[in-house]
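**Q** Following this message is one structure expressed as structure tokens.
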Amino acid sequence: MTEINFLLNGKETVVDVEPIRPLAHILRDDLGFTGTKIGCDAGDCGACTVSLNGQSVCSCLTPIAQAKGSEIITVEGLSHNNSLNDLQEAFHLFGAAQCGICTPGMLMAASDLLKHNDDPSEEEIYDALGGVLCRCTGYRKIVEAIMHIGDTTDANIEVPAVGEAVGSRAAKVDGRQKIDGTELYGADQAPADALWLRAVRSPYWRATFTLGDFSPLKTKYSGLVDILTAEDVTGINGFGIYPEIKDQPVLAEGFVRYRGEAVIALIGDAETIAAIRDDEIPISWQAEEPVQGFGPPVAEKAAQLHDNYPGNILAKGTTLKGDTAKGFTESTVVFEESFVTGFVEHGYIEPEAGWAQRVGDRIEVTVTTQSPYMDRDEVAIIMGLEPEDVRIIPTACGGGFGGKLDQTVQPLVALAAWKLNRPVRCTFNRIESMAATTKRHPSQITARYGCTDWGKLQAYEFNGDFNTGAYVSWGLTVKDRVPIHATGPYFVPNVSAKSRAFFANEPPAGAFRGFGVPQAAIAHDSLMDQMAERTGIDPLEFRYINAIRKGQETATGQKLESAGLDQCLDALRGDWKAWRAEAENYNASHTIKRRGVGIGCMWYGCGNTSIANPSTMHLGLGADGNVTLYSGAQDIGQGTNTTMMQAAADGLGIQLNQLNLVWGDTDLTADAGKSSASRQAYVSGNAVKMAGEDLRGQILRLANVGKNASIKFRPGKLIVQEQDTLSEIDLSTLPIAENGEVLRGEGYFDPPTEPLNENGQGKPYGTYGFAAQIADVEVDMELGTVKVLRIAAAHDVGQSLNPQQVEGQIHGGVAQGLGFALMEEYIPGRTENLHDYLIPTIGDIPEIKTHIIEDPEPTGPWGAKGIGEPALCATAPAIFGGIYQATGVRVKQAPCTPDRLRAAILYNDA
Ligand code: FES
Ligand code: FES
């Protein structure tokens, strides 16, 4: 141990520590400065960036000895007297923080830049922030914020008046704590006496194993308090998102189905459980030949993963409409193609983390999550408790994108805390996070589209295989959602769309922004381009001719009440023509670097497929006159806390900034369902609106006035005005509930869906979002590299609850779509870190022009539909269309990496 002194945010600080420990760990674990985040602990993500003697450094790579006598500034040191500085204020007002986990690193890197350059160009910002990864924002609003320091009027942030919150650019209600370093995420909190837990995971893709005698290990390591095995699971040793399928063990029982599967869990002090090597642990392995990829798992006599799924087939999905044989006969233009996509990693910057404690006969789990109520029910089943005996307290969530829906740390820390009656915490390291958790489904698709000479679609046939990995996770959802969406957002009279989800000895594939729709979009829009070319119709106009419109029926026979694709295409037409012409002109005089502009379209059903997925919301009026929204809709960075508050404010008729918010805690909020499937704006937005209207109705009835009366909320009283008549309600005269409330409004909404029949006919979703995007790309013909120069994105969201949040979702979705198209491929066992697995950096993201189209959904709150997933789905097809115009190569495999594209340019086959 060595005594090391330094100036930390202006204060003399001394620590007595091992000199090689990383600065990030000292700041967080020893000094409580948790504003500095750890996303990778390996120098790849930049979340841990701090200022050391005026220079930005990755504090996870900086030994504390290097800090001796230095001056350190962390994000907590940027604010003065609890006021954000100008940079932070700009971040807040421009919506530069979504989940906020990267924000401290971004702010520190930007502060460093601004010290030397108070008026940086975009290029200079890219250079300075190039080492800090953000998975949510698409970086555009970060750049805007830095370029507008001190003059934030362009952010157009509004403080909405009563009745005008919905549709306003209100700033995030929880934005400031994401910017000043005080927001607490999964790894930022736990009692000081909490034990640490580390799962020991399978090094084999497929193996049987036996556990030996643990006593020598316990004797050797006095800091090892306990070892959990499958025998310690007090309820059912299985989890899974469907109520009837709990196939994934919390801790494996004698057999593992993928590398990274949890086998046992070590519990003890942090140093001890980190020090124990896996090869010291008495586990005897017998490896077996795994079945992997697309062919082997479904081959005859392939080794089975699960006894109850013969042939390794999880399930098949079907959508049949009309007569495809007849449709193809009537088609004069027919194209057929096959497409392949790989595993994609969510790459949220916050790894899975949380802690649990036993409170009497209840267990409380504080965790980063997308689905508090699903966590509650899963933990209850695993522990053999009633759901009411489990409390989930969500932390701020540092990105999810579908990857924080399944169970990760929750059951492990809950079982350990219950058994030991001590708080237990766990944080996955980056490698563990990437190896153990779900991915986007790899796909292999063959599709055939037919149209007439004049470009009218006649028939579509689709067959898609989706690798769901070792366990079911969201495989059933993907196999259903894909055939429903397979045609793309077009009216097609004859459809045969079939999907198959199969098991393999690979990581479980689960939910990831789109549930299979992004993979299907690559297929349908490539074929749309080919038919457009053959018929001599412009690709945008070809889509316009065929865009499904209000009143038309989808492939499942659902009549649409809202469908704004044609309006999206109208919005893009001007740029499309101009950009295409510019690319053609450019190509006329360039051979090595060539340009191209492509278009992609998508649609997306908001909410779960053909099953109930309700949301319940409450709005409470306290005797003190305070109004509180109790929202169980988890904010994973998409801004749900803010949009729900906006909906509550207008539903009730109160000013937004007069409302309080309690979110997430399952003891305090009702079940709003999962933050997934682009459902919260539509489903929970409705529930909040209804809760506001319910509370408002109760107040108006108390005052005995009509529905147009206004209400003013004052300390301890309400003032109700109807025309010239004022009345006052003294809240202390009303019966007061235990929680201090005098009135409570409730809203409940379940989207109007119907089950699908055996041909996939029915009404799977309450509504659909639509989008079209165009991408201008530059291809280096000799290197095969693709640079996306600009993107324009038009999205029909029904009604934008908050345009700034919608823009943020579009930017972030485009960035993830760009990664999916050009660089992201998770290769199990090989790309388990953010060094080898590439996600877009600030320099990869071009200018993104957004068009918000509002074709109102009659069943939506104020007409609103979802945006989270639609934002991503059209980007890859648009980029691939651009690559075609530039090179003449039709891309058939995602990602289109430089080696693949270069080979395709040489051999004309991607
Ligand atoms: S945590 Fe230091 S670079 Fe990722
Ligand atoms: S806001 Fe950047 S990672 Fe979430």
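Within each chain, counting starts at residue 1; across the structure tokens, chains are named A, B, ... in the order shown, with ligands numbered 1 upward in that order.
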Please report, as JSON lines, each residue of chain A lying at most 8 Å from ligand 2, together with the nearest pair of atoms and the separation in Å rounded to one decimal; use only C-alpha atoms and all ligand atoms, and order rows by chain and ascending residue number.
**A**
{"residue": "A:Ala96", "atom": "CA", "partner": "ligand 2", "partner_atom_place_in_ligand_line": "1 (S)", "distance": 7.1}
{"residue": "A:Ala97", "atom": "CA", "partner": "ligand 2", "partner_atom_place_in_ligand_line": "1 (S)", "distance": 4.6}
{"residue": "A:Gln98", "atom": "CA", "partner": "ligand 2", "partner_atom_place_in_ligand_line": "1 (S)", "distance": 4.0}
{"residue": "A:Cys99", "atom": "CA", "partner": "ligand 2", "partner_atom_place_in_ligand_line": "4 (Fe)", "distance": 3.9}
{"residue": "A:Gly100", "atom": "CA", "partner": "ligand 2", "partner_atom_place_in_ligand_line": "1 (S)", "distance": 4.2}
{"residue": "A:Ile101", "atom": "CA", "partner": "ligand 2", "partner_atom_place_in_ligand_line": "4 (Fe)", "distance": 5.2}
{"residue": "A:Cys102", "atom": "CA", "partner": "ligand 2", "partner_atom_place_in_ligand_line": "2 (Fe)", "distance": 4.4}
{"residue": "A:Thr103", "atom": "CA", "partner": "ligand 2", "partner_atom_place_in_ligand_line": "2 (Fe)", "distance": 6.0}
{"residue": "A:Leu133", "atom": "CA", "partner": "ligand 2", "partner_atom_place_in_ligand_line": "3 (S)", "distance": 6.8}
{"residue": "A:Cys134", "atom": "CA", "partner": "ligand 2", "partner_atom_place_in_ligand_line": "2 (Fe)", "distance": 3.7}
{"residue": "A:Arg135", "atom": "CA", "partner": "ligand 2", "partner_atom_place_in_ligand_line": "3 (S)", "distance": 4.3}
{"residue": "A:Cys136", "atom": "CA", "partner": "ligand 2", "partner_atom_place_in_ligand_line": "4 (Fe)", "distance": 4.3}
{"residue": "A:Thr137", "atom": "CA", "partner": "ligand 2", "partner_atom_place_in_ligand_line": "1 (S)", "distance": 5.6}
{"residue": "A:Tyr139", "atom": "CA", "partner": "ligand 2", "partner_atom_place_in_ligand_line": "2 (Fe)", "distance": 7.8}
{"residue": "A:Tyr348", "atom": "CA", "partner": "ligand 2", "partner_atom_place_in_ligand_line": "3 (S)", "distance": 6.4}
{"residue": "A:Ile349", "atom": "CA", "partner": "ligand 2", "partner_atom_place_in_ligand_line": "3 (S)", "distance": 5.4}
{"residue": "A:Glu350", "atom": "CA", "partner": "ligand 2", "partner_atom_place_in_ligand_line": "3 (S)", "distance": 7.7}
{"residue": "A:Gly398", "atom": "CA", "partner": "ligand 2", "partner_atom_place_in_ligand_line": "4 (Fe)", "distance": 5.7}
{"residue": "A:Gly399", "atom": "CA", "partner": "ligand 2", "partner_atom_place_in_ligand_line": "4 (Fe)", "distance": 5.4}
{"residue": "A:Gly637", "atom": "CA", "partner": "ligand 2", "partner_atom_place_in_ligand_line": "4 (Fe)", "distance": 6.3}
**Q** Those same residues, written as a compact mmCIF listing (two decimals), in the first residue's frame with all heavy atoms?
**A**
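Output contents, as saved in again_38.txt:
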# COMPACT_ATOMS: atom_id res chain seq x y z
N ALA A 96 -28.42 15.94 -25.62
CA ALA A 96 -27.21 15.19 -25.95
C ALA A 96 -27.04 13.95 -25.08
O ALA A 96 -26.19 13.12 -25.37
CB ALA A 96 -25.99 16.09 -25.81
N ALA A 97 -27.80 13.86 -24.01
CA ALA A 97 -27.74 12.66 -23.17
C ALA A 97 -29.06 11.91 -23.31
O ALA A 97 -30.11 12.48 -23.06
CB ALA A 97 -27.52 13.03 -21.71
N GLN A 98 -28.98 10.66 -23.73
CA GLN A 98 -30.19 9.83 -23.71
C GLN A 98 -30.13 8.95 -22.46
O GLN A 98 -30.62 9.36 -21.42
CB GLN A 98 -30.31 9.02 -25.00
CG GLN A 98 -30.71 9.91 -26.18
CD GLN A 98 -31.10 9.13 -27.43
OE1 GLN A 98 -31.41 7.96 -27.39
NE2 GLN A 98 -31.08 9.81 -28.56
N CYS A 99 -29.50 7.80 -22.53
CA CYS A 99 -29.39 7.02 -21.28
C CYS A 99 -28.43 7.70 -20.32
O CYS A 99 -28.54 7.56 -19.11
CB CYS A 99 -28.96 5.59 -21.56
SG CYS A 99 -27.19 5.37 -21.83
N GLY A 100 -27.44 8.43 -20.85
CA GLY A 100 -26.54 9.22 -20.02
C GLY A 100 -25.30 8.50 -19.54
O GLY A 100 -24.44 9.12 -18.91
N ILE A 101 -25.13 7.22 -19.87
CA ILE A 101 -23.99 6.50 -19.29
C ILE A 101 -22.67 6.94 -19.93
O ILE A 101 -21.63 6.94 -19.29
CB ILE A 101 -24.19 4.96 -19.44
CG1 ILE A 101 -23.21 4.20 -18.53
CG2 ILE A 101 -24.01 4.48 -20.87
CD1 ILE A 101 -23.62 4.10 -17.13
N CYS A 102 -22.72 7.39 -21.19
CA CYS A 102 -21.49 7.85 -21.84
C CYS A 102 -21.24 9.33 -21.56
O CYS A 102 -20.17 9.86 -21.88
CB CYS A 102 -21.59 7.67 -23.35
SG CYS A 102 -22.78 8.82 -24.11
N THR A 103 -22.25 10.01 -21.02
CA THR A 103 -22.22 11.46 -20.95
C THR A 103 -21.04 12.01 -20.13
O THR A 103 -20.38 12.97 -20.57
CB THR A 103 -23.57 11.99 -20.41
OG1 THR A 103 -24.59 11.41 -21.22
CG2 THR A 103 -23.64 13.49 -20.48
N LEU A 133 -17.41 6.24 -26.83
CA LEU A 133 -18.51 5.61 -27.56
C LEU A 133 -19.85 5.97 -26.95
O LEU A 133 -19.99 6.02 -25.73
CB LEU A 133 -18.35 4.08 -27.53
CG LEU A 133 -17.12 3.50 -28.21
CD1 LEU A 133 -17.07 1.99 -28.00
CD2 LEU A 133 -17.13 3.83 -29.70
N CYS A 134 -20.81 6.20 -27.83
CA CYS A 134 -22.20 6.38 -27.39
C CYS A 134 -23.04 5.43 -28.23
O CYS A 134 -22.91 5.39 -29.44
CB CYS A 134 -22.65 7.82 -27.60
SG CYS A 134 -24.41 8.04 -27.21
N ARG A 135 -23.92 4.68 -27.59
CA ARG A 135 -24.74 3.73 -28.32
C ARG A 135 -26.16 4.24 -28.54
O ARG A 135 -26.93 3.62 -29.26
CB ARG A 135 -24.78 2.43 -27.53
CG ARG A 135 -25.32 1.22 -28.26
CD ARG A 135 -24.58 0.91 -29.55
NE ARG A 135 -24.77 -0.46 -29.97
CZ ARG A 135 -24.52 -0.91 -31.19
NH1 ARG A 135 -24.08 -0.08 -32.12
NH2 ARG A 135 -24.71 -2.17 -31.51
N CYS A 136 -26.50 5.39 -27.91
CA CYS A 136 -27.90 5.84 -27.97
C CYS A 136 -28.15 6.97 -28.94
O CYS A 136 -29.17 7.00 -29.62
CB CYS A 136 -28.35 6.35 -26.60
SG CYS A 136 -28.22 5.20 -25.26
N THR A 137 -27.28 7.97 -28.95
CA THR A 137 -27.65 9.27 -29.53
C THR A 137 -27.34 9.41 -31.01
O THR A 137 -27.82 10.35 -31.65
CB THR A 137 -26.90 10.41 -28.83
OG1 THR A 137 -25.49 10.23 -29.08
CG2 THR A 137 -27.14 10.42 -27.34
N TYR A 139 -24.75 10.52 -31.82
CA TYR A 139 -23.74 11.60 -31.64
C TYR A 139 -24.19 12.97 -32.17
O TYR A 139 -23.54 13.97 -31.87
CB TYR A 139 -22.41 11.24 -32.34
CG TYR A 139 -21.79 9.93 -31.90
CD1 TYR A 139 -21.93 8.78 -32.65
CD2 TYR A 139 -21.04 9.85 -30.72
CE1 TYR A 139 -21.35 7.58 -32.26
CE2 TYR A 139 -20.45 8.66 -30.33
CZ TYR A 139 -20.61 7.52 -31.10
OH TYR A 139 -20.03 6.33 -30.71
N TYR A 348 -24.62 -1.86 -25.38
CA TYR A 348 -24.90 -0.76 -24.45
C TYR A 348 -23.63 -0.52 -23.65
O TYR A 348 -22.87 -1.44 -23.34
CB TYR A 348 -26.09 -1.04 -23.53
CG TYR A 348 -26.35 -2.50 -23.24
CD1 TYR A 348 -25.53 -3.21 -22.39
CD2 TYR A 348 -27.41 -3.16 -23.83
CE1 TYR A 348 -25.75 -4.55 -22.12
CE2 TYR A 348 -27.65 -4.50 -23.57
CZ TYR A 348 -26.81 -5.19 -22.71
OH TYR A 348 -27.04 -6.51 -22.46
N ILE A 349 -23.41 0.74 -23.27
CA ILE A 349 -22.15 1.07 -22.60
C ILE A 349 -22.19 0.65 -21.13
O ILE A 349 -21.15 0.44 -20.50
CB ILE A 349 -21.83 2.58 -22.75
CG1 ILE A 349 -21.84 2.97 -24.24
CG2 ILE A 349 -20.50 2.94 -22.11
CD1 ILE A 349 -20.86 2.20 -25.12
N GLU A 350 -23.37 0.49 -20.57
CA GLU A 350 -23.47 0.03 -19.18
C GLU A 350 -23.63 -1.49 -19.14
O GLU A 350 -24.67 -2.01 -19.55
CB GLU A 350 -24.71 0.64 -18.49
CG GLU A 350 -24.85 0.21 -17.03
CD GLU A 350 -26.29 0.27 -16.51
OE1 GLU A 350 -27.23 0.12 -17.31
OE2 GLU A 350 -26.46 0.45 -15.30
N GLY A 398 -28.41 2.25 -18.40
CA GLY A 398 -27.43 2.80 -19.34
C GLY A 398 -27.48 2.13 -20.70
O GLY A 398 -26.46 1.69 -21.23
N GLY A 399 -28.66 2.08 -21.26
CA GLY A 399 -28.87 1.49 -22.58
C GLY A 399 -29.38 0.07 -22.45
O GLY A 399 -28.95 -0.69 -21.57
N GLY A 637 -33.40 5.42 -21.68
CA GLY A 637 -32.66 6.43 -22.43
C GLY A 637 -33.53 7.06 -23.52
O GLY A 637 -33.20 8.12 -24.03
**Q** Return as a PDB file with N, CA and C atoms, in the first residue's frame every polymer residue, whether protein, DNA or RNA, with at least one atom no more than 7 Å from an atom of ligand 1; count only C-alpha atoms and all ligand atoms.
**A**
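Saved to out-v8.pdb:
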ATOM      1  N   LYS A  37     -17.735   6.550 -15.226  1.00  0.00           N
ATOM      2  CA  LYS A  37     -18.330   5.231 -15.493  1.00  0.00           C
ATOM      3  C   LYS A  37     -17.286   4.249 -16.010  1.00  0.00           C
ATOM      4  N   ILE A  38     -17.613   2.971 -15.845  1.00  0.00           N
ATOM      5  CA  ILE A  38     -16.750   1.923 -16.414  1.00  0.00           C
ATOM      6  C   ILE A  38     -17.591   1.102 -17.376  1.00  0.00           C
ATOM      7  N   GLY A  39     -17.274   1.230 -18.656  1.00  0.00           N
ATOM      8  CA  GLY A  39     -18.024   0.499 -19.671  1.00  0.00           C
ATOM      9  C   GLY A  39     -17.288  -0.727 -20.168  1.00  0.00           C
ATOM     10  N   CYS A  40     -15.951  -0.696 -20.091  1.00  0.00           N
ATOM     11  CA  CYS A  40     -15.203  -1.835 -20.643  1.00  0.00           C
ATOM     12  C   CYS A  40     -14.014  -2.215 -19.770  1.00  0.00           C
ATOM     13  N   ASP A  41     -13.488  -1.254 -19.008  1.00  0.00           N
ATOM     14  CA  ASP A  41     -12.305  -1.499 -18.162  1.00  0.00           C
ATOM     15  C   ASP A  41     -11.093  -1.894 -18.997  1.00  0.00           C
ATOM     16  N   ALA A  42     -11.069  -1.455 -20.250  1.00  0.00           N
ATOM     17  CA  ALA A  42      -9.997  -1.901 -21.139  1.00  0.00           C
ATOM     18  C   ALA A  42      -9.558  -0.829 -22.126  1.00  0.00           C
ATOM     19  N   GLY A  43     -10.001   0.392 -21.930  1.00  0.00           N
ATOM     20  CA  GLY A  43      -9.540   1.467 -22.811  1.00  0.00           C
ATOM     21  C   GLY A  43     -10.277   1.570 -24.132  1.00  0.00           C
ATOM     22  N   ASP A  44     -11.410   0.884 -24.268  1.00  0.00           N
ATOM     23  CA  ASP A  44     -12.094   0.870 -25.565  1.00  0.00           C
ATOM     24  C   ASP A  44     -13.281   1.822 -25.671  1.00  0.00           C
ATOM     25  N   CYS A  45     -13.921   2.173 -24.550  1.00  0.00           N
ATOM     26  CA  CYS A  45     -15.208   2.895 -24.664  1.00  0.00           C
ATOM     27  C   CYS A  45     -15.131   4.362 -24.273  1.00  0.00           C
ATOM     28  N   GLY A  46     -14.175   4.749 -23.470  1.00  0.00           N
ATOM     29  CA  GLY A  46     -14.033   6.157 -23.089  1.00  0.00           C
ATOM     30  C   GLY A  46     -14.992   6.628 -22.012  1.00  0.00           C
ATOM     31  N   ALA A  47     -15.841   5.735 -21.493  1.00  0.00           N
ATOM     32  CA  ALA A  47     -16.805   6.162 -20.465  1.00  0.00           C
ATOM     33  C   ALA A  47     -16.111   6.651 -19.204  1.00  0.00           C
ATOM     34  N   CYS A  48     -14.873   6.221 -18.985  1.00  0.00           N
ATOM     35  CA  CYS A  48     -14.154   6.535 -17.753  1.00  0.00           C
ATOM     36  C   CYS A  48     -13.264   7.774 -17.899  1.00  0.00           C
ATOM     37  N   THR A  49     -13.463   8.535 -18.985  1.00  0.00           N
ATOM     38  CA  THR A  49     -12.571   9.666 -19.251  1.00  0.00           C
ATOM     39  C   THR A  49     -12.635  10.711 -18.131  1.00  0.00           C
ATOM     40  N   CYS A  58      -8.085   7.832 -20.062  1.00  0.00           N
ATOM     41  CA  CYS A  58      -8.970   6.736 -19.680  1.00  0.00           C
ATOM     42  C   CYS A  58      -8.567   6.334 -18.270  1.00  0.00           C
ATOM     43  N   SER A  59      -9.419   6.606 -17.317  1.00  0.00           N
ATOM     44  CA  SER A  59      -9.006   6.343 -15.934  1.00  0.00           C
ATOM     45  C   SER A  59      -8.992   4.850 -15.625  1.00  0.00           C
ATOM     46  N   CYS A  60      -9.594   4.035 -16.480  1.00  0.00           N
ATOM     47  CA  CYS A  60      -9.518   2.581 -16.239  1.00  0.00           C
ATOM     48  C   CYS A  60      -8.143   2.031 -16.589  1.00  0.00           C
ATOM     49  N   LEU A  61      -7.393   2.786 -17.380  1.00  0.00           N
ATOM     50  CA  LEU A  61      -6.053   2.330 -17.771  1.00  0.00           C
ATOM     51  C   LEU A  61      -4.947   3.067 -17.018  1.00  0.00           C
TER      52      LEU A  61
END
**Q** Could you please write out, as a PyMOL selection string, every residue of range 357-568 of chain A that DSSP assigns to helix (DSSP H, G or I)?
**A** chain A and resi 372-383+387-389+410-420+430-436+475-485+517-535+539-546+565-568
**Q** Between A:Ala886, A:Ile810, A:Gly622, A:Ser284, which is the closest to Lys717 in chain A once you count only C-alpha atoms?
**A**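 The closest residue to Lys717 in chain A is A:Gly622.
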**Q** Ranking A:Gln189, A:Gly254, A:Pro614, A:Leu569 by minimum distance to Pro423 in chain A and counting only C-alpha atoms, which one comes first?
**A**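 Ranking A:Gln189, A:Gly254, A:Pro614, A:Leu569 by distance to Pro423 in chain A, first place goes to A:Gln189.
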**Q** Could you check which of A:Ile905, A:Val779, A:Ala691, A:Ile179 is closest to Val889 in chain A, using only C-alpha atoms?
**A**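 Closest residue, counting only C-alpha atoms: A:Ile905.
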**Q** Leaving out Glu541 in chain A and any residue of its chain fewer than 6 positions from it, which residues lie within 10 Å of it when counting only C-alpha atoms, given as a list in words?
**A**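 Those residues are Gly455, Ala532, Ala547, Asp566, Leu569, Asp570 and Arg573 of chain A.
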**Q** Keeping only all heavy atoms, write those residues as a PDB file, in the first residue's frame.
**A**
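Result went into part-v5.pdb, see below:
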ATOM      1  N   GLY A 455     -45.064  -1.869 -62.557  1.00  0.00           N
ATOM      2  CA  GLY A 455     -44.534  -1.737 -61.203  1.00  0.00           C
ATOM      3  C   GLY A 455     -45.502  -2.017 -60.079  1.00  0.00           C
ATOM      4  O   GLY A 455     -45.229  -1.649 -58.938  1.00  0.00           O
ATOM      5  N   ALA A 532     -37.624  -2.190 -59.450  1.00  0.00           N
ATOM      6  CA  ALA A 532     -37.702  -0.803 -59.942  1.00  0.00           C
ATOM      7  C   ALA A 532     -36.786  -0.627 -61.147  1.00  0.00           C
ATOM      8  O   ALA A 532     -37.168  -0.043 -62.173  1.00  0.00           O
ATOM      9  CB  ALA A 532     -37.305   0.159 -58.814  1.00  0.00           C
ATOM     10  N   ALA A 547     -46.687   1.755 -51.788  1.00  0.00           N
ATOM     11  CA  ALA A 547     -46.789   2.012 -50.343  1.00  0.00           C
ATOM     12  C   ALA A 547     -48.187   1.657 -49.854  1.00  0.00           C
ATOM     13  O   ALA A 547     -49.185   2.068 -50.442  1.00  0.00           O
ATOM     14  CB  ALA A 547     -46.502   3.486 -50.058  1.00  0.00           C
ATOM     15  N   ASP A 566     -46.488   6.967 -47.587  1.00  0.00           N
ATOM     16  CA  ASP A 566     -46.522   7.842 -48.769  1.00  0.00           C
ATOM     17  C   ASP A 566     -46.090   9.266 -48.398  1.00  0.00           C
ATOM     18  O   ASP A 566     -45.364   9.930 -49.146  1.00  0.00           O
ATOM     19  CB  ASP A 566     -47.905   7.826 -49.434  1.00  0.00           C
ATOM     20  CG  ASP A 566     -49.040   8.134 -48.469  1.00  0.00           C
ATOM     21  OD1 ASP A 566     -48.816   8.091 -47.243  1.00  0.00           O
ATOM     22  OD2 ASP A 566     -50.154   8.421 -48.936  1.00  0.00           O
ATOM     23  N   LEU A 569     -42.350   9.408 -48.073  1.00  0.00           N
ATOM     24  CA  LEU A 569     -41.693   9.456 -49.378  1.00  0.00           C
ATOM     25  C   LEU A 569     -41.827  10.843 -49.998  1.00  0.00           C
ATOM     26  O   LEU A 569     -40.882  11.357 -50.623  1.00  0.00           O
ATOM     27  CB  LEU A 569     -42.282   8.376 -50.298  1.00  0.00           C
ATOM     28  CG  LEU A 569     -41.959   6.937 -49.853  1.00  0.00           C
ATOM     29  CD1 LEU A 569     -42.830   5.931 -50.598  1.00  0.00           C
ATOM     30  CD2 LEU A 569     -40.484   6.621 -50.063  1.00  0.00           C
ATOM     31  N   ASP A 570     -42.987  11.461 -49.813  1.00  0.00           N
ATOM     32  CA  ASP A 570     -43.163  12.839 -50.303  1.00  0.00           C
ATOM     33  C   ASP A 570     -42.107  13.761 -49.683  1.00  0.00           C
ATOM     34  O   ASP A 570     -41.534  14.617 -50.360  1.00  0.00           O
ATOM     35  CB  ASP A 570     -44.560  13.363 -49.939  1.00  0.00           C
ATOM     36  CG  ASP A 570     -45.648  12.792 -50.837  1.00  0.00           C
ATOM     37  OD1 ASP A 570     -45.334  12.380 -51.968  1.00  0.00           O
ATOM     38  OD2 ASP A 570     -46.820  12.754 -50.394  1.00  0.00           O
ATOM     39  N   ARG A 573     -38.619  13.223 -51.345  1.00  0.00           N
ATOM     40  CA  ARG A 573     -38.472  13.233 -52.811  1.00  0.00           C
ATOM     41  C   ARG A 573     -37.478  14.292 -53.296  1.00  0.00           C
ATOM     42  O   ARG A 573     -36.657  14.034 -54.179  1.00  0.00           O
ATOM     43  CB  ARG A 573     -39.837  13.433 -53.465  1.00  0.00           C
ATOM     44  CG  ARG A 573     -39.795  13.268 -54.978  1.00  0.00           C
ATOM     45  CD  ARG A 573     -41.173  13.310 -55.612  1.00  0.00           C
ATOM     46  NE  ARG A 573     -41.905  12.069 -55.456  1.00  0.00           N
ATOM     47  CZ  ARG A 573     -42.981  11.890 -54.706  1.00  0.00           C
ATOM     48  NH1 ARG A 573     -43.454  12.903 -53.984  1.00  0.00           N
ATOM     49  NH2 ARG A 573     -43.601  10.729 -54.642  1.00  0.00           N
TER      50      ARG A 573
END
**Q** Could you list, as a PyMOL selection string, every residue within 10 Å of Thr153 in chain A, counting only C-alpha atoms and ignoring same-chain residues fewer than 3 positions away?
**A** chain A and resi 90+93-94+148+150+156-157
**Q** With a distance cut-off of 10 Å and only C-alpha atoms, select the neighbouring residues of Gly664 in chain A, excluding the residue or stretch itself and same-chain residues fewer than 5 positions from it, and output the selection as a ChimeraX atom specification.
**A** /A:369-373,392-396,630-635,641,669-672
**Q** When DSSP works through the backbone of this structure, what residues of range 622-854 of chain A end up as strand (DSSP E), shown as a VMD selection string?
**A** chain A and resid 622 627 to 631 659 to 663 710 to 714 717 to 722 725 to 730 741 to 749 768 to 780 786 to 796 847 to 853
**Q** Counting only C-alpha atoms, what is within 6 Å of range 407-415 of chain A, bar same-chain residues fewer than 6 positions away, as a list of chain:residue names?
**A** A:Trp355, A:Ala356, A:Val379, A:Val424
**Q** Please indicate the distance in Å from CA of Ala509 in chain A to CA of Asn429 in chain A, rounded to one decimal place.
**A**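 Rounded to one decimal, the two atoms are 19.6 Å apart.
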